[in-house]
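Here is the structure we will look at.
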Amino acid sequence: MENQLVNPLISEIKDIIKDPYVFEFLGIPEEKPIMESDLEKALVQQIEKFLLELGRGFMFVGTQQRITINNTHYYADMVFYNKPLKSYVIIELKTTKLMPEAVGQLNMYLNYYENEVNDEGDNKPIGIILCTDKDSVAAEYALGGLSSNSINSECFPLN
């Protein structure tokens with residue numbers, strides 16, 4: 001049985017997850033393409049500001065967290081733990097338009113964390129895809145059928 005959220009002011013995951021995220025503090029020029037590894041490095045260098053932007057109760061676990069499934073290694077871009085939600089939060093960074101493959105990739109990571117990493121008492125992990133652009137209709141189809149609380153995709157300006 002899944003745990004209920006403890007704080008009465010937090011009835012749903014969306015009460016903690018911000019919409020939208022604004023990363024102006026990174027100082028990345030909008031006209032310059034950026035690689036995911038550079039975005040990740042910039043976020044880690046500014047981790048305190050990033051945690052404040054994410055919202056209340058986030059704790060940094062690490063970057064490039066290895067997930068091994070059937071002797072194949074995958075790497076989650078950034079992993080956090082949210083104490084009030086009692087959930088791992090896995091963030092995938094996409095410096096391009098949201099692609100359906102990213103949703104499948106993140107869903108696999110969430111299933112792995114739920115089955116292999118979660119401790120007793122932890123709620124289901126939450127996934128966030130931070131992308132620079134998305135087609136809302138394609139995103140709706142890609143996210144359809146998944147738990148409404150499991151994956152959230154957000155676009156962010158690179159400026």
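By convention here, the chains of the structure tokens are called A, B, ... in the order presented, each chain's residues are numbered starting at 1, and ligands are numbered starting at 1 in the order presented.
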
Those of range 33-140 of chain A in DSSP strand (DSSP E or B), formatted as a ChimeraX atom specification: /A:58-69,72-82,87-97,126-133

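For Asp119 in chain A, the residues within 12 Å (counting only C-alpha atoms, excluding itself and residues fewer than 6 positions away along the chain) are A:Tyr81, A:Lys86, A:Ser87, A:Tyr88, A:Tyr113, A:Pro125.
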
Using only C-alpha atoms, tabulate the residues of range 43-86 of chain A lying at most 12 Å from any atom of range 93-98 of chain A, each with its closest atom pair and that distance in Å to one decimal, by chain and increasing residue number, as JSON lines.
{"residue": "A:Leu43", "atom": "CA", "partner": "A:Leu93", "partner_atom": "CA", "distance": 10.5}
{"residue": "A:Thr63", "atom": "CA", "partner": "A:Leu93", "partner_atom": "CA", "distance": 11.0}
{"residue": "A:Gln64", "atom": "CA", "partner": "A:Leu93", "partner_atom": "CA", "distance": 11.0}
{"residue": "A:Tyr75", "atom": "CA", "partner": "A:Leu93", "partner_atom": "CA", "distance": 11.5}
{"residue": "A:Ala76", "atom": "CA", "partner": "A:Leu93", "partner_atom": "CA", "distance": 9.2}
{"residue": "A:Asp77", "atom": "CA", "partner": "A:Leu93", "partner_atom": "CA", "distance": 6.5}
{"residue": "A:Met78", "atom": "CA", "partner": "A:Leu93", "partner_atom": "CA", "distance": 8.2}
{"residue": "A:Val79", "atom": "CA", "partner": "A:Leu93", "partner_atom": "CA", "distance": 11.3}

Residues from the last selection, N, CA and C atoms, saved as a PDB file, in the first residue's frame:
ATOM      1  N   LEU A  43      24.222  23.274 -13.603  1.00  0.00           N
ATOM      2  CA  LEU A  43      23.263  23.102 -12.510  1.00  0.00           C
ATOM      3  C   LEU A  43      23.961  22.665 -11.228  1.00  0.00           C
ATOM      4  N   THR A  63      24.656  13.079  -9.617  1.00  0.00           N
ATOM      5  CA  THR A  63      24.500  13.125 -11.067  1.00  0.00           C
ATOM      6  C   THR A  63      25.004  11.815 -11.661  1.00  0.00           C
ATOM      7  N   GLN A  64      24.528  11.532 -12.845  1.00  0.00           N
ATOM      8  CA  GLN A  64      24.930  10.342 -13.586  1.00  0.00           C
ATOM      9  C   GLN A  64      24.887   9.094 -12.693  1.00  0.00           C
ATOM     10  N   TYR A  75      22.353   5.735 -17.191  1.00  0.00           N
ATOM     11  CA  TYR A  75      22.719   6.780 -16.236  1.00  0.00           C
ATOM     12  C   TYR A  75      21.629   7.840 -16.158  1.00  0.00           C
ATOM     13  N   ALA A  76      21.059   7.985 -14.973  1.00  0.00           N
ATOM     14  CA  ALA A  76      20.079   9.037 -14.725  1.00  0.00           C
ATOM     15  C   ALA A  76      20.843  10.345 -14.553  1.00  0.00           C
ATOM     16  N   ASP A  77      20.420  11.395 -15.258  1.00  0.00           N
ATOM     17  CA  ASP A  77      21.166  12.655 -15.243  1.00  0.00           C
ATOM     18  C   ASP A  77      21.317  13.226 -13.839  1.00  0.00           C
ATOM     19  N   MET A  78      20.221  13.375 -13.116  1.00  0.00           N
ATOM     20  CA  MET A  78      20.276  13.931 -11.763  1.00  0.00           C
ATOM     21  C   MET A  78      19.239  13.221 -10.903  1.00  0.00           C
ATOM     22  N   VAL A  79      19.622  12.925  -9.669  1.00  0.00           N
ATOM     23  CA  VAL A  79      18.701  12.275  -8.744  1.00  0.00           C
ATOM     24  C   VAL A  79      18.654  13.088  -7.452  1.00  0.00           C
TER      25      VAL A  79
END

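Among the candidates A:Val89, A:Leu54, A:Ile126, A:Ala142, the one nearest to Glu101 in chain A when counting only C-alpha atoms is A:Ala142.
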
Among the residues A:Lys49, A:Leu85, A:Tyr109, A:Ala138, the one that comes closest to Gly121 in chain A [using only C-alpha atoms]: A:Leu85

Distance query Leu106 in chain A at most 9 Å, only C-alpha atoms, self and fewer than 3 positions along chain excluded, as number ranges by chain: A: 76, 90-92, 101-103, 109-111, 127-129, 151

Selection from above, N, CA, C and O atoms, as a compact mmCIF listing (two decimals), in the first residue's frame, can you write it?
# COMPACT_ATOMS: atom_id res chain seq x y z
N ALA A 76 21.06 7.99 -14.97
CA ALA A 76 20.08 9.04 -14.73
C ALA A 76 20.84 10.35 -14.55
O ALA A 76 21.81 10.41 -13.79
N ILE A 90 13.82 11.82 -10.09
CA ILE A 90 14.81 11.61 -11.14
C ILE A 90 14.58 12.65 -12.22
O ILE A 90 13.46 12.76 -12.74
N ILE A 91 15.62 13.40 -12.53
CA ILE A 91 15.51 14.45 -13.54
C ILE A 91 16.36 14.07 -14.74
O ILE A 91 17.54 13.77 -14.61
N GLU A 92 15.71 14.07 -15.89
CA GLU A 92 16.41 13.87 -17.16
C GLU A 92 16.48 15.21 -17.87
O GLU A 92 15.48 15.92 -17.96
N GLU A 101 10.97 8.95 -26.80
CA GLU A 101 11.97 8.03 -26.27
C GLU A 101 12.43 8.45 -24.87
O GLU A 101 12.74 7.61 -24.03
N ALA A 102 12.45 9.75 -24.62
CA ALA A 102 12.88 10.25 -23.30
C ALA A 102 11.88 9.83 -22.23
O ALA A 102 12.26 9.52 -21.09
N VAL A 103 10.60 9.80 -22.58
CA VAL A 103 9.56 9.38 -21.63
C VAL A 103 9.75 7.91 -21.29
O VAL A 103 9.71 7.52 -20.11
N TYR A 109 13.69 4.13 -15.66
CA TYR A 109 14.43 4.52 -14.45
C TYR A 109 13.51 4.53 -13.23
O TYR A 109 13.90 4.09 -12.14
N LEU A 110 12.30 5.05 -13.39
CA LEU A 110 11.35 5.11 -12.28
C LEU A 110 10.98 3.71 -11.80
O LEU A 110 10.92 3.45 -10.59
N ASN A 111 10.74 2.80 -12.73
CA ASN A 111 10.42 1.42 -12.36
C ASN A 111 11.58 0.77 -11.63
O ASN A 111 11.39 0.06 -10.64
N GLY A 127 9.42 11.43 -11.80
CA GLY A 127 10.30 11.77 -12.90
C GLY A 127 9.98 13.13 -13.47
O GLY A 127 8.82 13.49 -13.62
N ILE A 128 11.03 13.88 -13.76
CA ILE A 128 10.88 15.18 -14.39
C ILE A 128 11.80 15.21 -15.60
O ILE A 128 12.99 14.91 -15.49
N ILE A 129 11.25 15.56 -16.75
CA ILE A 129 12.06 15.76 -17.95
C ILE A 129 12.12 17.26 -18.18
O ILE A 129 11.08 17.90 -18.40
N ILE A 151 5.54 11.13 -14.15
CA ILE A 151 6.45 11.89 -15.02
C ILE A 151 5.84 13.24 -15.35
O ILE A 151 4.69 13.34 -15.73

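Going from CA of Leu26 in chain A to CA of Gly104 in chain A covers 28.1 Å.
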
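The interatomic distance for the pair CA of Glu114 in chain A and CA of Ser150 in chain A works out to 11.0 Å.
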
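Straight-line separation from CA of Thr132 in chain A to CA of Ser37 in chain A: 14.5 Å.
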
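With only C-alpha atoms as the atoms that count, the residue of A:Met59, A:Met35, A:Met99, A:Leu52 with the shortest distance to Ser136 in chain A is A:Met99.
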